[in-house]
$ cat run.cif   # mmCIF, C-alpha atoms and all ligand atoms
data_upload
loop_
_atom_site.label_atom_id
_atom_site.label_comp_id
_atom_site.auth_asym_id
_atom_site.auth_seq_id
_atom_site.Cartn_x
_atom_site.Cartn_y
_atom_site.Cartn_z
CA MET A 24 -54.73 -31.43 45.37
CA GLU A 25 -51.99 -28.94 44.52
CA GLU A 26 -50.14 -28.92 41.25
CA SER A 27 -47.28 -31.35 41.32
CA GLU A 28 -44.80 -28.86 39.93
CA ALA A 29 -44.53 -25.31 38.63
CA GLY A 30 -43.76 -24.66 34.99
CA ALA A 31 -45.39 -23.71 31.70
CA GLY A 32 -49.15 -23.72 32.13
CA ALA A 33 -49.04 -24.01 35.91
CA GLY A 34 -52.21 -22.44 37.26
CA ALA A 35 -53.89 -22.62 33.84
CA PRO A 36 -57.62 -23.41 33.96
CA VAL A 37 -56.91 -26.50 31.85
CA ARG A 38 -53.70 -28.50 31.84
CA THR A 39 -52.75 -32.06 30.96
CA GLU A 40 -49.54 -33.98 31.25
CA GLY A 41 -49.03 -37.32 29.54
CA LEU A 42 -52.80 -37.71 29.44
CA THR A 43 -53.58 -41.23 28.21
CA ARG A 44 -56.77 -43.24 27.83
CA GLU A 45 -56.52 -46.87 26.84
CA PHE A 46 -59.62 -48.91 26.06
CA GLU A 47 -59.83 -52.68 26.21
CA THR A 48 -61.14 -53.97 22.90
CA SER A 49 -61.62 -57.46 21.46
CA GLU A 50 -58.35 -56.91 19.60
CA GLY A 51 -56.50 -55.92 22.76
CA PRO A 52 -55.76 -52.55 24.39
CA PHE A 53 -56.30 -49.48 22.22
CA ARG A 54 -54.89 -46.03 23.06
CA ALA A 55 -57.51 -43.46 22.10
CA LEU A 56 -55.38 -40.74 23.73
CA ASN A 57 -51.64 -41.17 23.98
CA GLY A 58 -49.60 -38.95 26.28
CA LEU A 59 -51.18 -35.59 25.58
CA ASP A 60 -49.57 -32.41 27.00
CA LEU A 61 -51.81 -29.38 26.74
CA ALA A 62 -52.45 -26.14 28.62
CA VAL A 63 -55.23 -23.64 28.02
CA ALA A 64 -54.91 -20.22 29.65
CA ALA A 65 -57.65 -18.13 31.24
CA GLY A 66 -59.51 -16.28 28.52
CA GLU A 67 -58.01 -18.49 25.81
CA PHE A 68 -60.13 -20.11 23.11
CA VAL A 69 -58.58 -23.33 21.81
CA VAL A 70 -60.05 -25.36 18.98
CA VAL A 71 -59.23 -29.08 18.79
CA MET A 72 -59.38 -30.49 15.28
CA GLY A 73 -58.59 -33.92 13.92
CA PRO A 74 -60.09 -36.74 11.91
CA SER A 75 -62.91 -38.89 13.23
CA GLY A 76 -61.51 -41.33 15.79
CA SER A 77 -58.45 -39.19 16.61
CA GLY A 78 -59.40 -38.90 20.29
CA LYS A 79 -61.17 -35.53 20.48
CA THR A 80 -64.21 -36.70 22.44
CA THR A 81 -62.01 -38.88 24.64
CA LEU A 82 -59.99 -35.76 25.53
CA LEU A 83 -63.03 -33.64 26.37
CA ASN A 84 -64.56 -36.42 28.48
CA LEU A 85 -61.34 -36.62 30.50
CA LEU A 86 -61.14 -32.83 30.93
CA GLY A 87 -64.73 -32.74 32.14
CA ALA A 88 -64.24 -35.62 34.61
CA LEU A 89 -66.78 -37.67 32.66
CA ASP A 90 -64.08 -40.31 32.20
CA THR A 91 -60.84 -41.31 33.97
CA PRO A 92 -57.41 -41.56 32.32
CA THR A 93 -55.41 -44.78 32.40
CA ALA A 94 -52.17 -42.75 32.71
CA GLY A 95 -51.11 -39.13 33.01
CA GLU A 96 -52.97 -36.31 34.71
CA ALA A 97 -55.41 -33.51 33.98
CA TRP A 98 -55.73 -30.37 36.13
CA ILE A 99 -58.80 -28.13 36.08
CA GLY A 100 -58.20 -24.82 37.81
CA GLY A 101 -54.95 -26.25 39.17
CA VAL A 102 -56.71 -29.19 40.79
CA ALA A 103 -55.53 -32.68 39.78
CA LEU A 104 -58.57 -34.71 38.78
CA SER A 105 -57.01 -37.99 39.94
CA GLY A 106 -56.99 -36.66 43.49
CA LEU A 107 -60.73 -35.96 43.60
CA THR A 108 -63.30 -38.07 45.36
CA GLU A 109 -66.36 -39.19 43.39
CA ARG A 110 -68.37 -36.46 45.14
CA GLU A 111 -65.82 -33.80 44.14
CA ARG A 112 -65.84 -35.06 40.55
CA THR A 113 -69.62 -34.73 40.47
CA SER A 114 -69.37 -31.22 41.85
CA LEU A 115 -66.78 -30.28 39.21
CA ARG A 116 -68.99 -31.61 36.42
CA ARG A 117 -71.99 -29.71 37.74
CA THR A 118 -70.46 -26.34 38.53
CA GLY A 119 -66.79 -26.09 37.57
CA VAL A 120 -67.11 -27.00 33.91
CA GLY A 121 -69.77 -26.06 31.36
CA PHE A 122 -70.58 -28.60 28.65
CA VAL A 123 -72.04 -27.95 25.20
CA PHE A 124 -72.82 -30.92 22.97
CA GLN A 125 -73.68 -31.50 19.32
CA GLN A 126 -77.17 -32.68 20.32
CA PHE A 127 -78.40 -29.69 22.26
CA ASN A 128 -79.77 -31.97 25.02
CA LEU A 129 -82.59 -29.64 26.00
CA VAL A 130 -85.56 -31.02 27.94
CA PRO A 131 -88.38 -30.87 25.37
CA HIS A 132 -91.28 -30.09 27.69
CA LEU A 133 -89.46 -27.26 29.51
CA SER A 134 -89.27 -23.69 28.21
CA ALA A 135 -85.96 -22.09 27.23
CA MET A 136 -85.85 -20.33 30.59
CA GLU A 137 -86.69 -23.49 32.54
CA ASN A 138 -83.98 -25.40 30.67
CA VAL A 139 -81.39 -22.78 31.59
CA ALA A 140 -82.58 -22.73 35.21
CA LEU A 141 -82.65 -26.52 35.55
CA PRO A 142 -79.10 -26.94 36.96
CA LEU A 143 -80.03 -24.52 39.75
CA VAL A 144 -82.90 -26.75 40.90
CA ILE A 145 -80.34 -29.27 42.15
CA ASP A 146 -78.74 -26.45 44.15
CA ASN A 147 -82.07 -25.80 45.88
CA ARG A 148 -82.05 -22.17 44.80
CA PRO A 149 -85.43 -20.42 45.21
CA ARG A 150 -87.57 -20.31 42.06
CA ASP A 151 -87.47 -16.51 41.76
CA GLU A 152 -83.69 -16.51 41.90
CA ARG A 153 -83.47 -19.34 39.31
CA MET A 154 -85.76 -17.53 36.90
CA ASP A 155 -83.94 -14.20 37.32
CA ARG A 156 -80.63 -15.88 36.62
CA ALA A 157 -82.00 -17.77 33.59
CA ARG A 158 -83.58 -14.62 32.17
CA ASP A 159 -80.29 -12.76 32.52
CA LEU A 160 -78.38 -15.56 30.77
CA LEU A 161 -80.91 -15.79 27.93
CA GLY A 162 -80.44 -12.06 27.44
CA ARG A 163 -76.71 -12.61 27.10
CA VAL A 164 -77.29 -15.11 24.27
CA ASP A 165 -79.83 -12.72 22.65
CA LEU A 166 -82.81 -14.92 23.42
CA GLY A 167 -84.52 -12.71 25.98
CA ALA A 168 -87.62 -12.57 23.79
CA ARG A 169 -87.91 -16.37 23.54
CA ALA A 170 -87.68 -17.20 27.24
CA ASP A 171 -91.06 -18.98 27.27
CA ALA A 172 -90.55 -20.88 24.01
CA LEU A 173 -90.35 -24.69 23.98
CA PRO A 174 -87.21 -26.09 22.33
CA ALA A 175 -89.12 -27.55 19.36
CA THR A 176 -90.31 -24.07 18.42
CA LEU A 177 -86.72 -22.73 18.32
CA SER A 178 -84.29 -22.97 15.41
CA GLY A 179 -81.18 -25.14 15.79
CA GLY A 180 -79.01 -22.10 16.40
CA GLU A 181 -81.43 -20.81 19.04
CA GLN A 182 -81.51 -24.21 20.75
CA GLN A 183 -77.73 -24.27 20.89
CA ARG A 184 -77.74 -20.74 22.37
CA VAL A 185 -80.10 -21.98 25.10
CA ALA A 186 -77.66 -24.85 25.74
CA ILE A 187 -74.80 -22.32 25.98
CA ALA A 188 -76.75 -20.23 28.49
CA ARG A 189 -77.39 -23.39 30.52
CA ALA A 190 -73.68 -24.29 30.39
CA LEU A 191 -72.84 -20.85 31.84
CA VAL A 192 -75.39 -20.93 34.66
CA HIS A 193 -72.71 -21.58 37.32
CA GLU A 194 -70.17 -19.22 35.66
CA PRO A 195 -67.67 -22.06 35.10
CA ALA A 196 -64.02 -21.17 34.50
CA VAL A 197 -63.87 -23.85 31.79
CA VAL A 198 -66.30 -24.47 28.93
CA LEU A 199 -65.97 -27.63 26.84
CA ALA A 200 -67.88 -28.05 23.58
CA ASP A 201 -67.91 -31.25 21.50
CA GLU A 202 -68.84 -30.55 17.86
CA PRO A 203 -71.25 -27.77 18.91
CA THR A 204 -71.88 -26.85 15.27
CA GLY A 205 -72.45 -30.43 14.07
CA ASN A 206 -76.22 -30.00 13.77
CA LEU A 207 -76.14 -26.43 12.44
CA ASP A 208 -75.63 -24.93 9.00
CA SER A 209 -72.17 -23.44 8.68
CA ALA A 210 -73.15 -19.76 9.01
CA THR A 211 -75.27 -20.46 12.11
CA GLY A 212 -72.49 -22.62 13.53
CA LEU A 213 -69.97 -19.81 13.17
CA ASP A 214 -72.36 -17.37 14.86
CA VAL A 215 -72.86 -19.76 17.77
CA VAL A 216 -69.14 -20.32 18.31
CA ALA A 217 -68.38 -16.60 17.99
CA LEU A 218 -70.96 -16.02 20.71
CA MET A 219 -69.33 -18.66 22.95
CA ALA A 220 -65.96 -16.99 22.48
CA GLU A 221 -67.41 -13.55 23.24
CA LEU A 222 -69.10 -14.79 26.41
CA GLY A 223 -65.76 -16.16 27.54
CA ARG A 224 -63.92 -12.89 27.16
CA GLY A 225 -66.12 -9.94 27.90
CA ASP A 226 -69.61 -9.63 29.30
CA SER A 227 -68.63 -11.58 32.40
CA ASP A 228 -66.43 -11.45 35.47
CA VAL A 229 -64.97 -14.82 34.57
CA GLU A 230 -62.02 -15.16 32.20
CA ARG A 231 -63.00 -18.52 30.79
CA ALA A 232 -60.95 -21.14 29.07
CA LEU A 233 -62.91 -22.37 26.08
CA VAL A 234 -62.11 -25.67 24.36
CA VAL A 235 -64.14 -26.45 21.23
CA VAL A 236 -63.85 -29.68 19.27
CA THR A 237 -64.83 -29.32 15.63
CA HIS A 238 -64.37 -30.58 12.08
CA ASP A 239 -65.07 -27.11 10.72
CA GLU A 240 -61.98 -25.16 9.59
CA GLY A 241 -64.12 -22.01 9.73
CA VAL A 242 -64.59 -22.55 13.46
CA GLY A 243 -60.85 -23.09 13.79
CA ALA A 244 -60.29 -19.68 12.20
CA LEU A 245 -62.13 -18.04 15.14
CA ALA A 246 -59.82 -19.61 17.74
CA ASP A 247 -56.80 -18.14 19.49
CA ARG A 248 -55.04 -21.45 18.85
CA VAL A 249 -55.78 -24.63 16.92
CA VAL A 250 -54.55 -27.95 18.27
CA ARG A 251 -54.59 -30.92 15.90
CA LEU A 252 -54.98 -34.50 17.05
CA ARG A 253 -54.04 -37.59 15.09
CA ASP A 254 -54.21 -41.12 16.50
CA GLY A 255 -54.47 -39.76 20.03
CA ARG A 256 -51.41 -37.53 19.78
CA LEU A 257 -50.78 -33.91 18.94
CA ASP A 258 -50.24 -33.85 15.20
CA GLY A 259 -46.64 -32.99 14.49
CA ALA A 260 -45.50 -34.03 17.99
CA GLU A 261 -42.47 -36.25 18.16
CA GLY A 262 -42.64 -40.04 18.30
P1 LIG B 301 -63.21 -38.48 17.93
O1 LIG B 301 -64.08 -37.75 18.90
O2 LIG B 301 -61.96 -37.73 17.58
O3 LIG B 301 -63.95 -38.89 16.71
P2 LIG B 301 -63.09 -40.50 20.00
O4 LIG B 301 -62.36 -39.82 21.10
O5 LIG B 301 -64.56 -40.63 20.14
O6 LIG B 301 -62.71 -39.83 18.61
O7 LIG B 301 -62.50 -41.96 19.83
C1 LIG B 301 -61.11 -42.18 19.64
C2 LIG B 301 -60.88 -43.65 19.41
O8 LIG B 301 -61.16 -44.37 20.60
C3 LIG B 301 -61.78 -44.25 18.34
O9 LIG B 301 -61.02 -45.19 17.59
C4 LIG B 301 -62.86 -44.93 19.13
O10 LIG B 301 -63.38 -46.04 18.42
C5 LIG B 301 -62.11 -45.37 20.36
N1 LIG B 301 -62.99 -45.45 21.52
C6 LIG B 301 -63.67 -44.42 22.08
N2 LIG B 301 -64.39 -44.83 23.14
C7 LIG B 301 -64.16 -46.18 23.25
C8 LIG B 301 -64.60 -47.19 24.16
N3 LIG B 301 -65.43 -46.90 25.17
N4 LIG B 301 -64.15 -48.45 23.96
C9 LIG B 301 -63.31 -48.75 22.95
N5 LIG B 301 -62.85 -47.82 22.07
C10 LIG B 301 -63.25 -46.56 22.21
MG MG B 302 -66.05 -37.15 18.83
#
$ encode --input "run.cif" --output "structure tokens"
Amino acid sequence: MEESEAGAGAGAPVRTEGLTREFETSEGPFRALNGLDLAVAAGEFVVVMGPSGSGKTTLLNLLGALDTPTAGEAWIGGVALSGLTERERTSLRRTGVGFVFQQFNLVPHLSAMENVALPLVIDNRPRDERMDRARDLLGRVDLGARADALPATLSGGEQQRVAIARALVHEPAVVLADEPTGNLDSATGLDVVALMAELGRGDSDVERALVVVTHDEGVGALADRVVRLRDGRLDGAEG
């Protein structure tokens, strides 16, 4: 689906307009996200901060087509998510957007290289091609020497770097990370986020939009722009 109108942020890898997610609760409807307008440009690194419960995860889940808004719209690469079929949403989640989570979500019995290559299995890519691609990506996150290591034998920072390599396996134009430093000490966390930012800018043909949710002000200091959420709205926004 085309963008509904031109204007600020038109054509941006990530854009939302009036993005709203209401949940039904025992106490009635609850707006976790309330009319959010946001655009993230190609090559831009935006950090989303805000207290627990302010709607950060809700926002990322909507941007990644893991969840559906109750009002408003999100565009990824200029494509309105509400216009996608279920099959197109699945395809977007698999190849258009890279996800990095607080729990690294690596498969414990697979090596670092096999974890990175795993998304390519679904694409039916030949094994040699998958392993070449995974080896290249592990090199980009400085883990070329640990390609055969099982996750449990890697440090937390190394495990998160494997997860980053996996998130990049389809060269997505958008990378979304929800508290990626939550299980890391602060110095390691900063290193990991700096690496994500670097992989978005240089070292690649893709000018990525990177959206990182964090509690860590140090992570915010690495960003091009910090967006603050409070009660599902941009902090400081009117009304
Ligand atoms: P954050 O990631 O900023 O901590 P979340 O986006 O996870 O916040 O949640 C925002 C608010 O929405 C919280 O008050 C949370 O309890 C509520 N919420 C999130 N998911 C659901 C759900 N599935 N049902 C009801 N309430 C929810
Ligand atoms: Mg959260």
$ atom_distance --input "run.cif" --atom1 "CA of Asp201 (chain A)" --atom2 "CA of Ser134 (chain A)"
23.6 Å
$ atom_distance --input "run.cif" --atom1 "CA of Gly255 (chain A)" --atom2 "CA of Thr91 (chain A)"
15.4 Å
$ closest_residue --input "run.cif" --among "A:Thr39, A:Thr211, A:Asn206, A:Ser77" --to "Asp60 (chain A)" --atoms "only C-alpha atoms"
A:Thr39
$ residues_near_ligand --input "run.cif" --ligand "ligand LIG 301 (chain B)" --cutoff "7 Å" --atoms "only C-alpha atoms and all ligand atoms" --output "PyMOL selection string"
chain A and resi 46-48+53-55+73-82
$ residues_around --input "run.cif" --residues "Val69 (chain A)" --least-positions-apart "6" --cutoff "10 Å" --atoms "all atoms listed in the file" --output "PDB file with C-alpha atoms, keeping the file's coordinate frame"
ATOM      1  CA  ALA A  62     -52.450 -26.140  28.620  1.00  0.00           C
ATOM      2  CA  VAL A  63     -55.230 -23.640  28.020  1.00  0.00           C
ATOM      3  CA  LEU A 199     -65.970 -27.630  26.840  1.00  0.00           C
ATOM      4  CA  ALA A 220     -65.960 -16.990  22.480  1.00  0.00           C
ATOM      5  CA  ALA A 232     -60.950 -21.140  29.070  1.00  0.00           C
ATOM      6  CA  LEU A 233     -62.910 -22.370  26.080  1.00  0.00           C
ATOM      7  CA  VAL A 234     -62.110 -25.670  24.360  1.00  0.00           C
ATOM      8  CA  VAL A 235     -64.140 -26.450  21.230  1.00  0.00           C
ATOM      9  CA  VAL A 236     -63.850 -29.680  19.270  1.00  0.00           C
ATOM     10  CA  GLY A 243     -60.850 -23.090  13.790  1.00  0.00           C
ATOM     11  CA  LEU A 245     -62.130 -18.040  15.140  1.00  0.00           C
ATOM     12  CA  ALA A 246     -59.820 -19.610  17.740  1.00  0.00           C
ATOM     13  CA  ASP A 247     -56.800 -18.140  19.490  1.00  0.00           C
ATOM     14  CA  ARG A 248     -55.040 -21.450  18.850  1.00  0.00           C
ATOM     15  CA  VAL A 249     -55.780 -24.630  16.920  1.00  0.00           C
ATOM     16  CA  VAL A 250     -54.550 -27.950  18.270  1.00  0.00           C
TER      17      VAL A 250
END
$ atom_distance --input "run.cif" --atom1 "CA of Ala65 (chain A)" --atom2 "CA of Ala35 (chain A)"
6.4 Å
